[in-house]
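Asks: Before anything else, here's the structure in question.
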Amino acid sequence: MTISIICTNKDPKPWVAALRALDPTLDVQIWPNESRKADVEFALCWNHPEGVLRDYPNLRCICSMGAGIDHLLNDDFFPKDLPVIRIIDPLLAQSMYEYLHTAVMYYFRDFDIYKAQQYQSNWKQQSPKAIAHTTIGVMGLGKLGEYSASKFSKIGFNVIGWSRTQKTITGVKSYASDRQLGEFLSQVDILICLLPLTNETRGILNLENINKLPFGACLVNVARGEHLIDEDLITALNEGQLRGACLDVFREEPLSQMHPFWQNNKILLTPHCSSITDPNSVAPQILKNYRLMKSGQALMNQVDPFRGY
Ligand code: NDP
Ligand code: OXD
């Protein structure tokens, strides 16, 4: 029985090493060089080439190498009848919070404005809003969103969140469903997107929704590039509706050299690094799921490919 690592823009070697360190008898191989495709029963995937999963006639389980599964479902030939599992890891949530904390503080303490002033040799003190009067809005209150929302609340921000279903999270006011989206957005100073990419959420960061934010709000998108309509962001920044945007994810990654985001001084961009899965941290859960699969037991962290997350 073989585990195959099928990934394109990720180095599979640390994953092989992390799994073998836990169990040296494991047969872990790397796509496309597996010795026998028919032996592969468990696939660990990140941006696999479309259609490639059809080459494994005895596949029994597909595991995302990250939290998101949109990269799996992008494939028109994805076998939706097989169980799909994903990564849920406290380190991933903590690392995401560290990134978001940095981005939020950058706007909260006006570093974007000071940077612009510096280029003009302009010595001018800003007066930031009090922390308790600064509202952070988190779209997506799942494993990552809930963790960050709750941490921001503990350090004194006013935190509200939006999800499909209502949540009870200490210190976080919950808004749910499309019906409450406008009410949620109308209060937000710093909007964080931590939604999964699904048919319902694709393009949700569009001008119509951005215009529901208070004038001069800031956006932090760490979810997926396809949540955002790129041209709408540029319009909102030009009109001042958005003061700035911190982007970690893009429609095309790596971002094309020609993309206008690179040169826009109201955009701070990072190369999809807000929270990178650590193979050593997640190898135990992958191995556990592999063993559960072998013994025919219920898997952990299973997602619903029809719901999309
Ligand atoms: P979860 O699946 O745990 O949570 C998803 C949340 O989004 C849930 O609260 C869900 O609501 C909500 N949601 C889903 N669909 C809708 C909708 N139509 N309307 C409103 N709310 C909706 O995901 P995670 O927190 O683990 O991860 C979120 C995303 O973060 C990942 O899918 C991935 O794209 C991105 N990510 C980015 C990384 C990076 O490095 N940039 C790293 C890791 C993840 P409900 O609970 O009510 O169902
Ligand atoms: C993930 C990611 O989904 O890295 O884990 O984007």
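Within each chain, counting starts at residue 1; across the structure tokens, chains are named A, B, ... in the order shown, with ligands numbered 1 upward in that order.
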Might you pull out every residue within 12 Å of A:Leu247, with only C-alpha atoms counted and same-chain residues fewer than 4 positions away left off, and present them as a count of residues only?
Replies: 34
Asks: Could you list the protein, DNA and RNA residues that have any atom within 7 Å of ligand 2, counting only C-alpha atoms and all ligand atoms, and write them as a ChimeraX atom specification?
Replies: /A:65-69,223,272,275-277
Asks: Selection from above, N, CA, C and O atoms, as a PDB file, in the first residue's frame, can you write it?
Replies:
```pdb
ATOM      1  N   MET A  65      -2.792  19.011   1.366  1.00  0.00           N
ATOM      2  CA  MET A  65      -1.588  19.328   2.147  1.00  0.00           C
ATOM      3  C   MET A  65      -1.735  20.673   2.860  1.00  0.00           C
ATOM      4  O   MET A  65      -0.766  21.208   3.401  1.00  0.00           O
ATOM      5  N   GLY A  66      -2.930  21.218   2.846  1.00  0.00           N
ATOM      6  CA  GLY A  66      -3.179  22.475   3.543  1.00  0.00           C
ATOM      7  C   GLY A  66      -4.592  22.490   4.091  1.00  0.00           C
ATOM      8  O   GLY A  66      -5.298  21.470   4.071  1.00  0.00           O
ATOM      9  N   ALA A  67      -5.021  23.683   4.548  1.00  0.00           N
ATOM     10  CA  ALA A  67      -6.356  23.818   5.126  1.00  0.00           C
ATOM     11  C   ALA A  67      -7.429  23.843   4.032  1.00  0.00           C
ATOM     12  O   ALA A  67      -8.520  23.320   4.208  1.00  0.00           O
ATOM     13  N   GLY A  68      -7.096  24.463   2.908  1.00  0.00           N
ATOM     14  CA  GLY A  68      -8.083  24.617   1.840  1.00  0.00           C
ATOM     15  C   GLY A  68      -8.170  23.367   0.974  1.00  0.00           C
ATOM     16  O   GLY A  68      -7.210  22.599   0.853  1.00  0.00           O
ATOM     17  N   ILE A  69      -9.343  23.182   0.345  1.00  0.00           N
ATOM     18  CA  ILE A  69      -9.493  22.044  -0.573  1.00  0.00           C
ATOM     19  C   ILE A  69      -9.888  22.505  -1.979  1.00  0.00           C
ATOM     20  O   ILE A  69     -10.126  21.698  -2.861  1.00  0.00           O
ATOM     21  N   ALA A 223      -7.265  34.600   2.249  1.00  0.00           N
ATOM     22  CA  ALA A 223      -8.023  33.376   1.943  1.00  0.00           C
ATOM     23  C   ALA A 223      -7.639  32.844   0.562  1.00  0.00           C
ATOM     24  O   ALA A 223      -6.775  31.956   0.456  1.00  0.00           O
ATOM     25  N   HIS A 272       1.863  34.425  -0.524  1.00  0.00           N
ATOM     26  CA  HIS A 272       1.117  33.284   0.040  1.00  0.00           C
ATOM     27  C   HIS A 272       1.928  32.609   1.164  1.00  0.00           C
ATOM     28  O   HIS A 272       2.265  31.426   1.088  1.00  0.00           O
ATOM     29  N   SER A 275       0.380  31.597   6.419  1.00  0.00           N
ATOM     30  CA  SER A 275       0.426  30.436   7.307  1.00  0.00           C
ATOM     31  C   SER A 275       0.768  29.209   6.472  1.00  0.00           C
ATOM     32  O   SER A 275      -0.067  28.719   5.714  1.00  0.00           O
ATOM     33  N   ILE A 276       1.982  28.762   6.611  1.00  0.00           N
ATOM     34  CA  ILE A 276       2.458  27.656   5.774  1.00  0.00           C
ATOM     35  C   ILE A 276       2.450  26.367   6.597  1.00  0.00           C
ATOM     36  O   ILE A 276       2.974  26.331   7.716  1.00  0.00           O
ATOM     37  N   THR A 277       1.833  25.333   6.032  1.00  0.00           N
ATOM     38  CA  THR A 277       1.736  24.061   6.770  1.00  0.00           C
ATOM     39  C   THR A 277       3.133  23.495   7.016  1.00  0.00           C
ATOM     40  O   THR A 277       3.945  23.388   6.099  1.00  0.00           O
TER      41      THR A 277
END
```
Asks: Which residue gives the smallest distance to ligand 1 among A:Gln263, A:Ser153, A:Ser281, A:Ser148, with only C-alpha atoms and all ligand atoms counted?
Replies: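 Smallest separation from ligand 1 among the options: A:Ser148.
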Asks: Taking only C-alpha atoms into account, which of A:Met105, A:Val188, A:Leu197, A:Val303 comes nearest A:Phe152?
Replies: A:Met105
Asks: Write out as a PyMOL selection string all residues of stretch 17-140 of chain A that DSSP puts in helix (DSSP H, G or I) for this structure's backbone.
Replies: chain A and resi 17-22+37-39+52-55+70-73+90-108+111-119+131-133
Asks: For ligand 1, which residue out of A:Gln126, A:Ala245, A:Ile85, A:Phe108 is the nearest one, using only C-alpha atoms and all ligand atoms?
Replies: A:Ile85
Asks: Near stretch 43-55 of chain A, within 6 Å and counting only C-alpha atoms, which residues show up once chain neighbours fewer than 2 positions away are dropped, as a PyMOL selection string?
Replies: chain A and resi 3-8+62-65+71+75+77
Asks: Return the single residue from A:Asn206, A:Thr165, A:Gln257, A:Thr198 that is closest to ligand 1, with distances computed using only C-alpha atoms and all ligand atoms.
Replies: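 Counting only C-alpha atoms and all ligand atoms, the residue closest to ligand 1 is A:Thr165.
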Asks: How many Å separate atom CA of A:Ser177 from atom 22 (C, counted along the ligand's line) of ligand 1?
Replies: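 These two atoms are separated by 7.6 Å.
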Asks: Taking the DSSP assignment computed from this structure's backbone, write out as a ChimeraX atom specification all residues of stretch 115-239 of chain A that belong to strand (DSSP E or B).
Replies: /A:135-139,158-163,169,172-176,190-193,205,217-221,228
Asks: Which residue gives the smallest distance to ligand 1 among A:Phe250, A:Phe306, A:Phe215, A:Trp162, with only C-alpha atoms and all ligand atoms counted?
Replies: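 Comparing A:Phe250, A:Phe306, A:Phe215, A:Trp162 against ligand 1, the winner is A:Trp162.
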Asks: To one decimal place in Å, what is the distance between atom CA of A:Asn280 and atom 48 (O, counted along the ligand's line) of ligand 1?
Replies: 28.2 Å
Asks: Counting only C-alpha atoms, figure out which residue out of A:Asp39, A:Glu208, A:Asp27, A:Glu34 gets nearest to A:Gln241.
Replies: A:Glu208
Asks: How many Å separate atom CA of A:Ser95 from atom CA of A:Tyr309?
Replies: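 Here the two named atoms are 20.6 Å from each other.
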Asks: Quick one: residues within 12 Å of A:Ala298, only C-alpha atoms, excluding same-chain residues fewer than 3 positions away - as an mmCIF file with N, CA and C atoms, in the first residue's frame?
Replies:
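Okay, this is what ended up in part.cif:
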```
data_model
loop_
_atom_site.group_PDB
_atom_site.id
_atom_site.type_symbol
_atom_site.label_atom_id
_atom_site.label_comp_id
_atom_site.auth_asym_id
_atom_site.auth_seq_id
_atom_site.Cartn_x
_atom_site.Cartn_y
_atom_site.Cartn_z
ATOM 1 N N CYS A 61 -8.439 7.469 -0.574
ATOM 2 C CA CYS A 61 -8.575 8.688 0.223
ATOM 3 C C CYS A 61 -7.670 9.780 -0.349
ATOM 4 N N PRO A 83 -13.384 9.809 0.011
ATOM 5 C CA PRO A 83 -13.283 10.724 1.151
ATOM 6 C C PRO A 83 -12.151 11.737 0.966
ATOM 7 N N VAL A 84 -12.445 12.987 1.348
ATOM 8 C CA VAL A 84 -11.456 14.066 1.231
ATOM 9 C C VAL A 84 -11.189 14.595 2.636
ATOM 10 N N ILE A 85 -9.911 14.682 2.993
ATOM 11 C CA ILE A 85 -9.563 15.219 4.303
ATOM 12 C C ILE A 85 -8.619 16.413 4.137
ATOM 13 N N LYS A 288 -2.181 9.173 11.134
ATOM 14 C CA LYS A 288 -3.336 8.634 11.850
ATOM 15 C C LYS A 288 -4.491 8.382 10.872
ATOM 16 N N ASN A 289 -4.723 9.332 9.997
ATOM 17 C CA ASN A 289 -5.798 9.159 9.013
ATOM 18 C C ASN A 289 -5.509 7.997 8.060
ATOM 19 N N TYR A 290 -4.255 7.854 7.704
ATOM 20 C CA TYR A 290 -3.870 6.740 6.818
ATOM 21 C C TYR A 290 -4.190 5.404 7.505
ATOM 22 N N ARG A 291 -3.870 5.343 8.790
ATOM 23 C CA ARG A 291 -4.142 4.091 9.524
ATOM 24 C C ARG A 291 -5.643 3.878 9.725
ATOM 25 N N LEU A 292 -6.366 4.964 9.954
ATOM 26 C CA LEU A 292 -7.827 4.847 10.091
ATOM 27 C C LEU A 292 -8.426 4.334 8.782
ATOM 28 N N MET A 293 -7.903 4.870 7.688
ATOM 29 C CA MET A 293 -8.404 4.433 6.374
ATOM 30 C C MET A 293 -8.146 2.939 6.178
ATOM 31 N N LYS A 294 -6.909 2.536 6.531
ATOM 32 C CA LYS A 294 -6.551 1.111 6.330
ATOM 33 C C LYS A 294 -7.458 0.190 7.129
ATOM 34 N N SER A 295 -7.833 0.659 8.353
ATOM 35 C CA SER A 295 -8.654 -0.225 9.193
ATOM 36 C C SER A 295 -10.150 0.040 8.998
ATOM 37 N N ASN A 301 -11.033 15.152 10.282
ATOM 38 C CA ASN A 301 -10.916 16.346 9.417
ATOM 39 C C ASN A 301 -11.452 16.124 8.000
ATOM 40 N N GLN A 302 -12.512 15.343 7.931
ATOM 41 C CA GLN A 302 -13.094 15.073 6.618
ATOM 42 C C GLN A 302 -13.941 16.268 6.176
#
```
Asks: If we count only C-alpha atoms and set the cut-off at 9 Å, which residues sit around A:Ile210, ignoring sequence neighbours fewer than 4 positions away in its own chain? Please answer as number ranges by chain.
Replies: A: 185, 205-206, 214, 217, 232-233, 236, 241-242
Asks: Include N, CA and C atoms and write out the residues we just selected as an mmCIF file, in the first residue's frame.
Replies:
```
data_model
loop_
_atom_site.group_PDB
_atom_site.id
_atom_site.type_symbol
_atom_site.label_atom_id
_atom_site.label_comp_id
_atom_site.auth_asym_id
_atom_site.auth_seq_id
_atom_site.Cartn_x
_atom_site.Cartn_y
_atom_site.Cartn_z
ATOM 1 N N LEU A 185 -20.706 44.343 7.273
ATOM 2 C CA LEU A 185 -19.688 45.148 6.570
ATOM 3 C C LEU A 185 -19.749 46.621 6.966
ATOM 4 N N LEU A 205 -15.385 39.670 -2.561
ATOM 5 C CA LEU A 205 -14.733 40.967 -2.282
ATOM 6 C C LEU A 205 -14.846 41.803 -3.562
ATOM 7 N N ASN A 206 -16.074 42.224 -3.846
ATOM 8 C CA ASN A 206 -16.341 42.999 -5.058
ATOM 9 C C ASN A 206 -16.742 44.422 -4.654
ATOM 10 N N PRO A 214 -17.339 51.159 5.825
ATOM 11 C CA PRO A 214 -17.179 52.598 6.042
ATOM 12 C C PRO A 214 -16.079 53.142 5.118
ATOM 13 N N ALA A 217 -11.904 52.176 4.923
ATOM 14 C CA ALA A 217 -11.590 50.909 5.625
ATOM 15 C C ALA A 217 -10.371 50.247 4.975
ATOM 16 N N ASP A 232 -11.898 45.779 -9.058
ATOM 17 C CA ASP A 232 -12.727 46.486 -8.071
ATOM 18 C C ASP A 232 -11.866 47.004 -6.930
ATOM 19 N N LEU A 233 -10.827 46.236 -6.595
ATOM 20 C CA LEU A 233 -9.925 46.698 -5.530
ATOM 21 C C LEU A 233 -9.226 47.978 -5.967
ATOM 22 N N ALA A 236 -11.615 50.855 -5.782
ATOM 23 C CA ALA A 236 -11.908 51.254 -4.393
ATOM 24 C C ALA A 236 -10.713 51.985 -3.777
ATOM 25 N N GLN A 241 -12.314 54.704 -1.075
ATOM 26 C CA GLN A 241 -13.250 53.867 -0.308
ATOM 27 C C GLN A 241 -12.457 52.887 0.549
ATOM 28 N N LEU A 242 -11.385 52.359 -0.041
ATOM 29 C CA LEU A 242 -10.448 51.560 0.754
ATOM 30 C C LEU A 242 -9.174 52.365 0.927
#
```
Asks: Kindly assemble as JSON lines a list of the stretch 64-100 of chain A residues that lie within 10 Å of stretch 135-147 of chain A, each paired with its nearest atom pair and their distance in Å to one decimal, using only C-alpha atoms, sorted first by chain and then by ascending residue number.
Replies:
```
{"residue": "A:Ala67", "atom": "CA", "partner": "A:Leu144", "partner_atom": "CA", "distance": 9.1}
{"residue": "A:Ile88", "atom": "CA", "partner": "A:Lys143", "partner_atom": "CA", "distance": 7.3}
{"residue": "A:Asp89", "atom": "CA", "partner": "A:Lys143", "partner_atom": "CA", "distance": 8.6}
{"residue": "A:Pro90", "atom": "CA", "partner": "A:Lys143", "partner_atom": "CA", "distance": 8.7}
{"residue": "A:Leu92", "atom": "CA", "partner": "A:Leu144", "partner_atom": "CA", "distance": 7.7}
{"residue": "A:Ala93", "atom": "CA", "partner": "A:Leu144", "partner_atom": "CA", "distance": 5.0}
{"residue": "A:Gln94", "atom": "CA", "partner": "A:Tyr147", "partner_atom": "CA", "distance": 7.7}
{"residue": "A:Ser95", "atom": "CA", "partner": "A:Leu144", "partner_atom": "CA", "distance": 9.6}
{"residue": "A:Met96", "atom": "CA", "partner": "A:Leu144", "partner_atom": "CA", "distance": 7.1}
{"residue": "A:Tyr97", "atom": "CA", "partner": "A:Tyr147", "partner_atom": "CA", "distance": 7.5}
```
